[in-house]
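Trainee: Sharing a structure, written as structure tokens. Questions coming.
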Amino acid sequence: MEHIALYRAWRPQSFHDMVGQQHIIQTLQNAIREQRVSHAYLFSGPRGTGKTSAAKVLAKAVNCERNEGPEPCNECPSCLRITAGNVMDVQEIDAASNRGVEEIRDLRDKVKYAPTEVRRKVYIIDEVHMLTTEAFNALLKTLEEPPPHVMFILATTEPHKLPATIISRCQRFDFRRVSLEEQTAHLTAICEKEGISADAEALQYIARLSDGGMRDALSILDQISSFTDGQVTYQQVLGMTGGIPSEQFARLATAILEGDMGLLLELVEQLMHEGKSADKCLENLLYYFRDLLMIKMVPGADQLTDRVLNPAEFRDMAAAFSRDRLFLIVETLARYLGEMKYATHPQTLFEVALMKLCSQQQEAPPQEAAPHAVAGISRQAGGNAAAVDPGELELLKRQIAALEKKLEQALQAGALSGGGQQAAAGRQTAPQNPAPRISSPSKLPPQLDKFIAGKDSADFADVYKKWSVVLQAVKEEKVTVHAWFVDGEPVAVIEDAVLVAFKNTIHRDTTEKPANRQVIENVFAARLGKPYRLVTMLLRDWNEAAMKSAAQTGTEELRLEHEHETADTRTEPWIDEAIQLFGEDLVVIKE
């Protein structure tokens, strides 16, 4: 006898046979019982959740000759022939291959004829979102006011692609994914009736793989039962589907926790030899750490995910990681998973992602590393090592106190130098006008006197003319760096450094980050003809220092002026801004 696939052999033939759609089943049964069946229905939802099966059951129920209740009898000639697909008045149309306006016009012409074999004509249009706009327009009027003997049932996996005019003419039912428990129970019942011996863990894993689709679950079960001669085990399911057991993820997580890169690379090589794909391994590892984070942060979170088979093991592993570390791991894996779509060598990228996680462990921030130093450096490796010697801890405390004292003295010295004698006299009498706010010496460049002397040099003039080119090159290199760097302006140049003054502290601090500084200095070397270091300070500090220098020398501060500036244009700051942005050669000043 010819074998019939399980999903076809166990296709629901009545509402009672359907799994996991009780809210839809009850509504349709009540409508049939009270004879309030609509002329048009829209069934939407993920694949394999019973949309087309429900449409066929509804077609049988409205045409059942016995008409004994809300369920089709599946015994009368009408029910049997509809099940076999031999009734011309019940048509199932594939909209993917009949999507043009001509097919819909032909359907519209045939609708007006009365049924010849059953009471009502039923048109089941599957994947209706594939119809063209013209086909939808041709269907509109017929769908809104069909003859009394016609019923339309539209099925789609993408309802958002349907015009609102179509949706408004139908009663819409949203099919949901079948839950893990419902799928497992249904698979168990089918295995009992088919004579298949299956482990509970194997059926649960098959249900998880199907992602809520009953048809996919039955197809996987059919494939595995054929391979194993009716003996389905958890390990066989993993081997057939390319799945990875949670124990291997636990070993990967332990290696990441201990910073053991050698063990990580061995585990990756083992996975690749078993035929696993790098992108799927990375995706499943991301899900694993996501579940760890949920279990760590949300009580009872093991009920929120279908992937957790043994919550106790997950809780122990989640306790070994800090919350911030888990957030960082999830963010890193998600970033590498996005990059893997375009990777030529996915395995290499997978290995780099895991080594990155290990390096994050070795470069833990001080607030996370300090408790480990106090409690014992080797606690996470074995937990049996002795704590840090109290004498060493006391020495560290004294060193920190000495550093804090030196820092306080440096800050006080900076305040005195900024305020001069007025700050010293402030202890006795309050000054009439407060001293201008000046940054501490630690925020000023170390060679400030040299920069003040070189603010009118020929090198500075050359850099100032090319500044718009530098900004454009930084923007092309990395637009986020340009967004912060554009707030600064060059004020002086010495032999190997360009001093840039910023109006805002946050712009200066962000530009000073090593990665951003590297981008800017690379542009300097490429656009200015020689390598320059980037030195930064605040504009208010630069102006104050320049004024003090001019007062001490008794000379006025000199300012670079462009050859074409006049007395009128010199007072307009936006002209300087235009020259700085677009370059002197592109700016033309008209009176």
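Starting from 1 in every chain, residues are counted up; chains themselves are A, B, ... following the order of the structure tokens, and ligands are numbered from 1 as listed.
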Tell me, as a ChimeraX atom specification, which residues lie within 10 Å of segment 236-240 of chain A, counting only C-alpha atoms; anything in the same chain fewer than 3 positions away does not count.

Mentor: /A:201-203,205-206,220-221,223-225,227-228,231-233,243-245,274-276

Trainee: Work out how far atom CA of Ala200 of chain A is from atom CA of Asp229 of chain A, in Å to one decimal.

Mentor: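 These atoms are spaced 17.3 Å apart.
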
Trainee: What is the distance, in Å and to one decimal place, between atom CA of Ser44 of chain A and atom CA of Thr156 of chain A?

Mentor: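 Distance reported for this atom pair: 5.0 Å.
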
Trainee: With only C-alpha atoms as the atoms that count, which of A:Thr241, A:Thr480, A:Gln347, A:Asn543 lies nearest to Leu448 of chain A?

Mentor: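 Residue with the minimum atom-to-atom distance to Leu448 of chain A: A:Asn543.
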
Trainee: Enumerate, in order of chain and increasing residue number, the residues of segment 42-112 of chain A with an atom no farther than 6 Å from segment 124-130 of chain A, each with its shortest atom pair and distance in Å to one decimal, counting only C-alpha atoms, as JSON lines.

Mentor:
```
{"residue": "A:Glu92", "atom": "CA", "partner": "A:Ile124", "partner_atom": "CA", "distance": 4.6}
{"residue": "A:Ile93", "atom": "CA", "partner": "A:Ile125", "partner_atom": "CA", "distance": 4.8}
{"residue": "A:Asp94", "atom": "CA", "partner": "A:Asp126", "partner_atom": "CA", "distance": 5.1}
{"residue": "A:Ala95", "atom": "CA", "partner": "A:Val128", "partner_atom": "CA", "distance": 5.3}
{"residue": "A:Ala96", "atom": "CA", "partner": "A:Met130", "partner_atom": "CA", "distance": 5.3}
```

Trainee: Could you pull the residues within 7 Å of segment 283-293 of chain A, counting only C-alpha atoms, minus those fewer than 5 positions along the same chain, as a PyMOL selection string?

Mentor: chain A and resi 249+314+318+326+330+333-334+337

Trainee: Output N, CA and C atoms for every residue in the selection just made, as a PDB file, in the first residue's frame.

Mentor:
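After the write, selection02.pdb holds the following:
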```pdb
ATOM      1  N   PHE A 249      26.295  23.522  24.607  1.00  0.00           N
ATOM      2  CA  PHE A 249      26.231  24.952  24.880  1.00  0.00           C
ATOM      3  C   PHE A 249      26.738  25.243  26.289  1.00  0.00           C
ATOM      4  N   PHE A 314      20.129  25.529  33.875  1.00  0.00           N
ATOM      5  CA  PHE A 314      20.194  26.914  33.416  1.00  0.00           C
ATOM      6  C   PHE A 314      20.378  27.863  34.599  1.00  0.00           C
ATOM      7  N   ALA A 318      23.365  30.439  34.985  1.00  0.00           N
ATOM      8  CA  ALA A 318      23.031  31.862  35.051  1.00  0.00           C
ATOM      9  C   ALA A 318      23.631  32.505  36.293  1.00  0.00           C
ATOM     10  N   LEU A 326      26.232  39.123  30.984  1.00  0.00           N
ATOM     11  CA  LEU A 326      25.281  38.482  30.074  1.00  0.00           C
ATOM     12  C   LEU A 326      24.767  39.470  29.034  1.00  0.00           C
ATOM     13  N   VAL A 330      25.265  38.906  24.989  1.00  0.00           N
ATOM     14  CA  VAL A 330      24.134  38.892  24.045  1.00  0.00           C
ATOM     15  C   VAL A 330      24.327  39.962  22.971  1.00  0.00           C
ATOM     16  N   LEU A 333      27.168  38.761  20.524  1.00  0.00           N
ATOM     17  CA  LEU A 333      26.737  37.675  19.637  1.00  0.00           C
ATOM     18  C   LEU A 333      25.740  38.186  18.600  1.00  0.00           C
ATOM     19  N   ALA A 334      24.842  39.076  19.014  1.00  0.00           N
ATOM     20  CA  ALA A 334      23.859  39.621  18.061  1.00  0.00           C
ATOM     21  C   ALA A 334      24.564  40.414  16.962  1.00  0.00           C
ATOM     22  N   LEU A 337      26.253  37.954  14.645  1.00  0.00           N
ATOM     23  CA  LEU A 337      25.265  37.207  13.861  1.00  0.00           C
ATOM     24  C   LEU A 337      24.802  38.030  12.668  1.00  0.00           C
TER      25      LEU A 337
END
```

Trainee: Hey, can you check how far atom CA of Ala217 of chain A sits from atom CA of Ala189 of chain A?

Mentor: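 Separating atom CA of Ala217 of chain A from atom CA of Ala189 of chain A is a distance of 13.2 Å.
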